[in-house]
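Peer 1: Please read through the structure below; I'll follow up with questions.
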Amino acid sequence: MNVRSTTPPPLPPAYVPAPRKPERLGTKIVMMIVQCVVLMIATLIVWGLVYDRQSSVNDVADRIADEWGGTVRIGGPFVMTGDSVAAVARALRCNVSIESKTLHRGIYEAEVYDAAVKMSGSFDALHLPSDAEGVMMTVRVPARKIYRMEPLRIGGRTVEWQRDGNSLVADVGAAALAEATDFDISFSIHGSGEIEVVQSGQNTVVTMEGEARNPSFTGSSLPDDRTVTDRTFLAQWESSSAMSVETCNQLIDNNDWSLLGGAVEVVEVVSESDYVIVEHLDVPVIGSKFLVGVDRYRKVSRSLKFAFIIIVLTFISLFFTEVIIKRPIPLFNCFLIGAALVMFYLLLLSFVEFTSFGVAYLVASFMTIALIGGYMWRMLASLRTGLTIASILTLIYACCYVMLCLGRYALALGSLILFASLAAMMWASLKLKR
């Protein structure tokens with residue numbers, strides 16, 4: 001008699017996936033290098049976007065500055081008879097008080113200034129026929145940018161100025177100059193970029209002072225005395241026998257009258273495609289240039305120069321993390337982390353148009369570090385690893401920001417950071433199996 005068995009058949013063996021073939025160390029390194037190259041190409045695209053935005057901003061800023069007032073060159077005063085210079089000041093003192101300001105138009109801005117100019121001194125007696133006509137006192141300056149001026153005070157009387165293109169002109173007459181004569185001139189003018197003063201007296205003292213960011217001194221000589229702080233500056237030049245009547249008239253004969261003030265021609269058009277720098281007589285000109293400094297777009301552009309270091313150091317950190325904790329990080333995940341590093345610069349560019357560079361850098365770096373640190377935490381199920389990567393990125397971004405703010409010591413600090421990074425990698429490489 002057959003007895004039916006009640007024992008159930010054995011269950012089939014559970015499906016066990018085949019173990020993943022580990023990637024070779026050399027292959028992983030080569031693929032990471034390829035990803036770094038791809039990410040650098042993406043960074044170049046972001047740099048092109050920064051360049052385009054910066055060009056647009058500079059064009060608008062230049063238009064704003066031109067509307068306010070461009071470079072100002074002040075020359076004189078000169079005594080003119082007809083089209084010739086009859087006399088230059090025996091003693092001339094020129095005080096220029098400058099106050100810079102930033103004009104805004106939407107997200108665009110331009111650095112401009114107001115300059116209060118006071119000139120005083122004296123002329124030697126000039127023996128001209130008492131009935132001579134057309135004896136004028138002339139100050140070479142872009143007259144249309146003068147927004148306030150006082151009458152010329154000369155020899156105890158006042159004479160009203162007339163604007164004549166790039167000059168202020170006052171009819172003083174020959175009688176006023178028959179004896180040694182003192183004068184006082186005062187006006188205020190708009191300008192941007194640079195202000196220059198021609199040392200147009202036989203003995204000239206020029207003083208420039210005021211509030212300005214990043215002033216620099218230009219011209220035929222540096223100041224004899226200067227004091228520069230974070231926001232203010234004071235500079236003084238002294239010269240003797242710097243200008244003569246013969247030099248002035250020679251400039252006029254050579255059609256270089258504009259070099260003594262007003263608009264300065266620096267190039268001559270030879271044809272539609274050729275430009276030649278024109279050689280002029282040496283004119284003793286001193287001045288101050290007011291730089292905006294490294295503006296926010298330039299700082300973004302400079303920060304992109306550190307992109308390669310950030311990407312490489314981050315990928316090296318990922319590689320050693322994988323080796324030390326013995327948990328593989330797929331290449332696709334590495335690429336997403338690299339994409340987040342590139343996205344940092346896009347965030348920085350977008351934020352910097354509405355706030356200061358420091359705030360924009362802080363917000364963009366915090367978002368990037370939090371994203372990558374959290375991603376590493378969830379991917380490797382290790383809070384410690386996520387915090388370690390976040391700490392490394394924080395150190396890298398902090399060092400890059402310090403290098404952006406330092407001008408003189410940026411190279412030294414960057415070299416020290418790279419040396420420390422190399423030392424850390426050498427130490428971590430000791431944990432690799434031979």
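Residues in the structure tokens are numbered from 1 in each chain, the chains being A, B, ... in the order shown, and ligands are numbered from 1 in the order shown.
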Please identify which residues in region 123-259 of chain A DSSP calls helix (DSSP H, G or I) from the backbone, and express them as a VMD selection string.
Peer 2: chain A and resid 143 to 145 175 to 177 245 to 253 257 to 259
Peer 1: With N, CA, C and O atoms retained, write the just-selected residues as a PDB file, in the first residue's frame.
Peer 2:
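After the write, out.pdb holds the following:
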```
ATOM      1  N   ALA A 143      34.862 122.421 -19.615  1.00  0.00           N
ATOM      2  CA  ALA A 143      33.971 123.405 -18.999  1.00  0.00           C
ATOM      3  C   ALA A 143      32.546 122.896 -18.837  1.00  0.00           C
ATOM      4  O   ALA A 143      31.843 123.288 -17.908  1.00  0.00           O
ATOM      5  N   ARG A 144      32.099 122.014 -19.714  1.00  0.00           N
ATOM      6  CA  ARG A 144      30.700 121.572 -19.639  1.00  0.00           C
ATOM      7  C   ARG A 144      30.435 120.705 -18.413  1.00  0.00           C
ATOM      8  O   ARG A 144      29.279 120.505 -18.030  1.00  0.00           O
ATOM      9  N   LYS A 145      31.488 120.173 -17.793  1.00  0.00           N
ATOM     10  CA  LYS A 145      31.310 119.352 -16.601  1.00  0.00           C
ATOM     11  C   LYS A 145      31.418 120.153 -15.304  1.00  0.00           C
ATOM     12  O   LYS A 145      31.294 119.599 -14.224  1.00  0.00           O
ATOM     13  N   ALA A 175      45.501 146.288 -18.750  1.00  0.00           N
ATOM     14  CA  ALA A 175      45.808 147.130 -17.594  1.00  0.00           C
ATOM     15  C   ALA A 175      45.904 146.318 -16.313  1.00  0.00           C
ATOM     16  O   ALA A 175      46.684 146.643 -15.409  1.00  0.00           O
ATOM     17  N   ALA A 176      45.129 145.246 -16.212  1.00  0.00           N
ATOM     18  CA  ALA A 176      45.134 144.439 -14.986  1.00  0.00           C
ATOM     19  C   ALA A 176      46.444 143.715 -14.781  1.00  0.00           C
ATOM     20  O   ALA A 176      46.751 143.274 -13.666  1.00  0.00           O
ATOM     21  N   LEU A 177      47.242 143.579 -15.831  1.00  0.00           N
ATOM     22  CA  LEU A 177      48.478 142.809 -15.743  1.00  0.00           C
ATOM     23  C   LEU A 177      49.719 143.695 -15.854  1.00  0.00           C
ATOM     24  O   LEU A 177      50.829 143.203 -16.010  1.00  0.00           O
ATOM     25  N   VAL A 245      56.494 129.722 -21.352  1.00  0.00           N
ATOM     26  CA  VAL A 245      55.669 130.270 -22.428  1.00  0.00           C
ATOM     27  C   VAL A 245      56.047 129.634 -23.757  1.00  0.00           C
ATOM     28  O   VAL A 245      55.164 129.322 -24.582  1.00  0.00           O
ATOM     29  N   GLU A 246      57.335 129.427 -23.966  1.00  0.00           N
ATOM     30  CA  GLU A 246      57.780 128.841 -25.238  1.00  0.00           C
ATOM     31  C   GLU A 246      57.215 127.436 -25.431  1.00  0.00           C
ATOM     32  O   GLU A 246      56.786 127.070 -26.528  1.00  0.00           O
ATOM     33  N   THR A 247      57.192 126.633 -24.366  1.00  0.00           N
ATOM     34  CA  THR A 247      56.638 125.280 -24.474  1.00  0.00           C
ATOM     35  C   THR A 247      55.157 125.322 -24.814  1.00  0.00           C
ATOM     36  O   THR A 247      54.678 124.565 -25.661  1.00  0.00           O
ATOM     37  N   CYS A 248      54.427 126.219 -24.164  1.00  0.00           N
ATOM     38  CA  CYS A 248      52.991 126.331 -24.441  1.00  0.00           C
ATOM     39  C   CYS A 248      52.744 126.702 -25.899  1.00  0.00           C
ATOM     40  O   CYS A 248      51.887 126.094 -26.567  1.00  0.00           O
ATOM     41  N   ASN A 249      53.461 127.685 -26.395  1.00  0.00           N
ATOM     42  CA  ASN A 249      53.253 128.110 -27.781  1.00  0.00           C
ATOM     43  C   ASN A 249      53.698 127.048 -28.778  1.00  0.00           C
ATOM     44  O   ASN A 249      53.113 126.911 -29.861  1.00  0.00           O
ATOM     45  N   GLN A 250      54.714 126.288 -28.430  1.00  0.00           N
ATOM     46  CA  GLN A 250      55.133 125.204 -29.309  1.00  0.00           C
ATOM     47  C   GLN A 250      54.052 124.126 -29.390  1.00  0.00           C
ATOM     48  O   GLN A 250      53.804 123.565 -30.452  1.00  0.00           O
ATOM     49  N   LEU A 251      53.393 123.856 -28.255  1.00  0.00           N
ATOM     50  CA  LEU A 251      52.281 122.899 -28.261  1.00  0.00           C
ATOM     51  C   LEU A 251      51.136 123.408 -29.131  1.00  0.00           C
ATOM     52  O   LEU A 251      50.506 122.643 -29.867  1.00  0.00           O
ATOM     53  N   ILE A 252      50.874 124.703 -29.042  1.00  0.00           N
ATOM     54  CA  ILE A 252      49.803 125.278 -29.867  1.00  0.00           C
ATOM     55  C   ILE A 252      50.165 125.177 -31.338  1.00  0.00           C
ATOM     56  O   ILE A 252      49.330 124.819 -32.188  1.00  0.00           O
ATOM     57  N   ASP A 253      51.413 125.475 -31.682  1.00  0.00           N
ATOM     58  CA  ASP A 253      51.845 125.385 -33.081  1.00  0.00           C
ATOM     59  C   ASP A 253      51.754 123.963 -33.614  1.00  0.00           C
ATOM     60  O   ASP A 253      51.506 123.748 -34.798  1.00  0.00           O
ATOM     61  N   TRP A 257      47.482 121.728 -28.294  1.00  0.00           N
ATOM     62  CA  TRP A 257      46.948 122.611 -27.255  1.00  0.00           C
ATOM     63  C   TRP A 257      46.114 121.833 -26.253  1.00  0.00           C
ATOM     64  O   TRP A 257      46.056 122.156 -25.068  1.00  0.00           O
ATOM     65  N   SER A 258      45.477 120.719 -26.706  1.00  0.00           N
ATOM     66  CA  SER A 258      44.622 119.934 -25.820  1.00  0.00           C
ATOM     67  C   SER A 258      45.418 119.260 -24.707  1.00  0.00           C
ATOM     68  O   SER A 258      44.853 118.889 -23.679  1.00  0.00           O
ATOM     69  N   LEU A 259      46.745 119.084 -24.870  1.00  0.00           N
ATOM     70  CA  LEU A 259      47.531 118.458 -23.818  1.00  0.00           C
ATOM     71  C   LEU A 259      47.622 119.322 -22.565  1.00  0.00           C
ATOM     72  O   LEU A 259      47.933 118.833 -21.489  1.00  0.00           O
TER      73      LEU A 259
END
```
Peer 1: Would you mind telling me which residue in A:Pro330, A:Gly70, A:Pro151, A:Gly386 lies nearest to Ser192 (chain A) when using only C-alpha atoms?
Peer 2: A:Gly70
Peer 1: Skipping near chain neighbours, those fewer than 4 positions away, what residues fall within 9 Å of region 120-126 of chain A using only C-alpha atoms, listed as a list in words?
Peer 2: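 These residues fall inside the cut-off: Ala86, Ala87, Val88, Ala89, Arg90, Ala91, Leu92, Arg93, Cys94, Asn95, Ile154, Ala174, Leu177, Ala178, Glu179, Ala180, Thr181, Asp182, Phe183, Asp184, Ile185, Ser186 and Gly201 of chain A.
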Peer 1: Could you give me, as number ranges by chain, the residues within 8 Å of region 307-318 of chain A, counting only C-alpha atoms and dropping anything in the same chain fewer than 4 positions from it?
Peer 2: A: 32, 36, 40, 43, 303, 322, 329, 334, 338, 341-342, 389, 393, 396-397, 421, 425
Peer 1: Could you list, as an NGL selection string, every residue within 9 Å of Met379 (chain A), counting only C-alpha atoms and ignoring same-chain residues fewer than 4 positions away?
Peer 2: :A and (329 or 333 or 374-375)
Peer 1: With a distance cut-off of 10 Å and only C-alpha atoms, select the neighbouring residues of Phe306 (chain A), excluding the residue or stretch itself and same-chain residues fewer than 6 positions from it, and output the selection as a PDB file with N, CA and C atoms, in the first residue's frame.
Peer 2:
```pdb
ATOM      1  N   ILE A 396      38.479  74.142   2.169  1.00  0.00           N
ATOM      2  CA  ILE A 396      38.907  74.518   0.819  1.00  0.00           C
ATOM      3  C   ILE A 396      38.282  75.843   0.404  1.00  0.00           C
ATOM      4  N   TYR A 397      36.966  75.990   0.590  1.00  0.00           N
ATOM      5  CA  TYR A 397      36.294  77.228   0.186  1.00  0.00           C
ATOM      6  C   TYR A 397      36.758  78.415   1.030  1.00  0.00           C
ATOM      7  N   CYS A 400      40.138  79.491  -0.321  1.00  0.00           N
ATOM      8  CA  CYS A 400      39.982  80.180  -1.605  1.00  0.00           C
ATOM      9  C   CYS A 400      39.468  81.598  -1.412  1.00  0.00           C
ATOM     10  N   TYR A 401      38.556  81.791  -0.464  1.00  0.00           N
ATOM     11  CA  TYR A 401      38.038  83.140  -0.215  1.00  0.00           C
ATOM     12  C   TYR A 401      39.130  84.044   0.329  1.00  0.00           C
ATOM     13  N   MET A 403      42.294  83.775  -0.286  1.00  0.00           N
ATOM     14  CA  MET A 403      43.188  84.097  -1.410  1.00  0.00           C
ATOM     15  C   MET A 403      42.572  85.141  -2.330  1.00  0.00           C
ATOM     16  N   LEU A 404      41.239  85.140  -2.463  1.00  0.00           N
ATOM     17  CA  LEU A 404      40.578  86.155  -3.284  1.00  0.00           C
ATOM     18  C   LEU A 404      40.697  87.537  -2.650  1.00  0.00           C
ATOM     19  N   GLY A 414      48.422  80.287  -1.508  1.00  0.00           N
ATOM     20  CA  GLY A 414      48.027  79.190  -2.383  1.00  0.00           C
ATOM     21  C   GLY A 414      49.080  78.095  -2.425  1.00  0.00           C
TER      22      GLY A 414
END
```
Peer 1: Calculated over only C-alpha atoms, which of the candidates A:Val38, A:Ile98, A:Leu395, A:Ala424 has the smallest distance to Phe320 (chain A)?
Peer 2: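 So, comparing all the options, the nearest one is A:Ala424.
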Peer 1: Do a neighbour search on Pro223 (chain A) at 10 Å with only C-alpha atoms, toss out local chain neighbours closer than 5 positions, and write the hits as a list of chain:residue names.
Peer 2: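 My list of contacting residues is A:Val206, A:Thr207, A:Met208, A:Phe217, A:Thr218, A:Leu234, A:Ala235, A:Gln236, A:Trp237, A:Glu238, A:Ile286, A:Gly287, A:Ser288.
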Peer 1: Would you mind exporting all heavy atoms of the selected residues as an mmCIF file, in the first residue's frame?
Peer 2:
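Output file part_12.cif follows:
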```
data_model
loop_
_atom_site.group_PDB
_atom_site.id
_atom_site.type_symbol
_atom_site.label_atom_id
_atom_site.label_comp_id
_atom_site.auth_asym_id
_atom_site.auth_seq_id
_atom_site.Cartn_x
_atom_site.Cartn_y
_atom_site.Cartn_z
ATOM 1 N N VAL A 206 50.882 121.416 -6.036
ATOM 2 C CA VAL A 206 49.576 120.786 -6.252
ATOM 3 C C VAL A 206 49.284 119.875 -5.073
ATOM 4 O O VAL A 206 50.118 119.039 -4.694
ATOM 5 C CB VAL A 206 49.536 119.981 -7.563
ATOM 6 C CG1 VAL A 206 48.179 119.317 -7.741
ATOM 7 C CG2 VAL A 206 49.849 120.876 -8.753
ATOM 8 N N THR A 207 48.108 120.037 -4.496
ATOM 9 C CA THR A 207 47.668 119.192 -3.384
ATOM 10 C C THR A 207 46.350 118.533 -3.760
ATOM 11 O O THR A 207 45.419 119.217 -4.200
ATOM 12 C CB THR A 207 47.486 120.012 -2.097
ATOM 13 O OG1 THR A 207 48.716 120.667 -1.781
ATOM 14 C CG2 THR A 207 47.070 119.129 -0.941
ATOM 15 N N MET A 208 46.293 117.236 -3.611
ATOM 16 C CA MET A 208 45.058 116.479 -3.837
ATOM 17 C C MET A 208 44.725 115.724 -2.567
ATOM 18 O O MET A 208 45.587 115.071 -1.970
ATOM 19 C CB MET A 208 45.206 115.500 -4.999
ATOM 20 C CG MET A 208 45.334 116.150 -6.356
ATOM 21 S SD MET A 208 45.262 114.939 -7.701
ATOM 22 C CE MET A 208 45.498 116.018 -9.115
ATOM 23 N N PHE A 217 48.577 107.097 -8.032
ATOM 24 C CA PHE A 217 49.116 108.370 -8.495
ATOM 25 C C PHE A 217 49.846 108.162 -9.812
ATOM 26 O O PHE A 217 50.634 107.225 -9.964
ATOM 27 C CB PHE A 217 50.029 108.966 -7.427
ATOM 28 C CG PHE A 217 49.357 109.092 -6.087
ATOM 29 C CD1 PHE A 217 49.713 108.275 -5.035
ATOM 30 C CD2 PHE A 217 48.336 110.012 -5.899
ATOM 31 C CE1 PHE A 217 49.086 108.366 -3.811
ATOM 32 C CE2 PHE A 217 47.693 110.118 -4.680
ATOM 33 C CZ PHE A 217 48.064 109.296 -3.623
ATOM 34 N N THR A 218 49.553 109.036 -10.755
ATOM 35 C CA THR A 218 50.061 108.889 -12.112
ATOM 36 C C THR A 218 50.727 110.187 -12.546
ATOM 37 O O THR A 218 50.688 111.198 -11.851
ATOM 38 C CB THR A 218 48.918 108.555 -13.084
ATOM 39 O OG1 THR A 218 47.967 109.645 -13.083
ATOM 40 C CG2 THR A 218 48.197 107.290 -12.681
ATOM 41 N N LEU A 234 45.904 111.866 0.840
ATOM 42 C CA LEU A 234 46.454 113.217 0.738
ATOM 43 C C LEU A 234 47.784 113.105 0.020
ATOM 44 O O LEU A 234 48.645 112.303 0.404
ATOM 45 C CB LEU A 234 46.637 113.835 2.128
ATOM 46 C CG LEU A 234 47.387 115.170 2.188
ATOM 47 C CD1 LEU A 234 46.604 116.255 1.466
ATOM 48 C CD2 LEU A 234 47.657 115.569 3.626
ATOM 49 N N ALA A 235 47.947 113.887 -1.039
ATOM 50 C CA ALA A 235 49.191 113.856 -1.817
ATOM 51 C C ALA A 235 49.557 115.272 -2.231
ATOM 52 O O ALA A 235 48.677 116.105 -2.499
ATOM 53 C CB ALA A 235 49.031 112.971 -3.054
ATOM 54 N N GLN A 236 50.869 115.537 -2.285
ATOM 55 C CA GLN A 236 51.344 116.878 -2.648
ATOM 56 C C GLN A 236 52.558 116.763 -3.560
ATOM 57 O O GLN A 236 53.457 115.953 -3.332
ATOM 58 C CB GLN A 236 51.695 117.684 -1.403
ATOM 59 C CG GLN A 236 52.049 119.139 -1.690
ATOM 60 C CD GLN A 236 52.275 119.932 -0.424
ATOM 61 O OE1 GLN A 236 53.343 119.849 0.181
ATOM 62 N NE2 GLN A 236 51.274 120.689 -0.017
ATOM 63 N N TRP A 237 52.537 117.592 -4.607
ATOM 64 C CA TRP A 237 53.650 117.683 -5.564
ATOM 65 C C TRP A 237 54.182 119.118 -5.571
ATOM 66 O O TRP A 237 53.401 120.072 -5.492
ATOM 67 C CB TRP A 237 53.192 117.346 -6.979
ATOM 68 C CG TRP A 237 52.736 115.956 -7.240
ATOM 69 C CD1 TRP A 237 53.440 114.954 -7.828
ATOM 70 C CD2 TRP A 237 51.435 115.419 -6.985
ATOM 71 N NE1 TRP A 237 52.675 113.821 -7.947
ATOM 72 C CE2 TRP A 237 51.429 114.075 -7.445
ATOM 73 C CE3 TRP A 237 50.264 115.926 -6.403
ATOM 74 C CZ2 TRP A 237 50.320 113.251 -7.348
ATOM 75 C CZ3 TRP A 237 49.157 115.107 -6.293
ATOM 76 C CH2 TRP A 237 49.202 113.782 -6.763
ATOM 77 N N GLU A 238 55.478 119.262 -5.693
ATOM 78 C CA GLU A 238 56.089 120.572 -5.859
ATOM 79 C C GLU A 238 57.044 120.521 -7.043
ATOM 80 O O GLU A 238 57.743 119.528 -7.241
ATOM 81 C CB GLU A 238 56.853 120.986 -4.594
ATOM 82 C CG GLU A 238 55.965 121.206 -3.381
ATOM 83 C CD GLU A 238 56.734 121.759 -2.201
ATOM 84 O OE1 GLU A 238 57.797 122.382 -2.448
ATOM 85 O OE2 GLU A 238 56.288 121.583 -1.056
ATOM 86 N N ILE A 286 50.601 115.711 -13.481
ATOM 87 C CA ILE A 286 50.486 114.778 -12.362
ATOM 88 C C ILE A 286 48.999 114.545 -12.105
ATOM 89 O O ILE A 286 48.141 115.320 -12.555
ATOM 90 C CB ILE A 286 51.202 115.305 -11.108
ATOM 91 C CG1 ILE A 286 50.752 116.742 -10.747
ATOM 92 C CG2 ILE A 286 52.693 115.282 -11.329
ATOM 93 C CD1 ILE A 286 49.566 116.826 -9.855
ATOM 94 N N GLY A 287 48.685 113.472 -11.417
ATOM 95 C CA GLY A 287 47.277 113.195 -11.198
ATOM 96 C C GLY A 287 47.046 112.016 -10.283
ATOM 97 O O GLY A 287 47.975 111.360 -9.803
ATOM 98 N N SER A 288 45.767 111.744 -10.068
ATOM 99 C CA SER A 288 45.325 110.621 -9.256
ATOM 100 C C SER A 288 44.293 109.837 -10.037
ATOM 101 O O SER A 288 43.434 110.419 -10.712
ATOM 102 C CB SER A 288 44.722 111.097 -7.928
ATOM 103 O OG SER A 288 45.682 111.795 -7.161
#
```
Peer 1: Just the number, please: distance in Å from CA of Thr138 (chain A) to CA of Asp171 (chain A), one decimal.
Peer 2: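 Interatomic distance, CA of Thr138 (chain A) to CA of Asp171 (chain A): 8.9 Å.
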Peer 1: When you draw a straight line from CA of Ser216 (chain A) to CA of Arg302 (chain A), how long is it in Å?
Peer 2: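 Calculated distance between CA of Ser216 (chain A) and CA of Arg302 (chain A) is 22.0 Å.
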Peer 1: Could you pull out all residues of region 34-147 of chain A with a DSSP call of strand (DSSP E or B) and give them as JSON, numbers by chain?
Peer 2: {"A": [72, 73, 74, 75, 76, 77, 78, 79, 80, 81, 84, 85, 86, 87, 88, 91, 92, 93, 94, 95, 96, 97, 98, 99, 100, 101, 102, 103, 104, 105, 108, 109, 110, 111, 112, 113, 114, 115, 116, 117, 118, 119, 120, 121, 122, 123, 135, 136, 137, 138, 139, 140, 146, 147]}
Peer 1: What gap, in Å, lies between CA of Gln199 (chain A) and CA of Asp114 (chain A)?
Peer 2: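 Result for CA of Gln199 (chain A) versus CA of Asp114 (chain A): 20.9 Å, one decimal.
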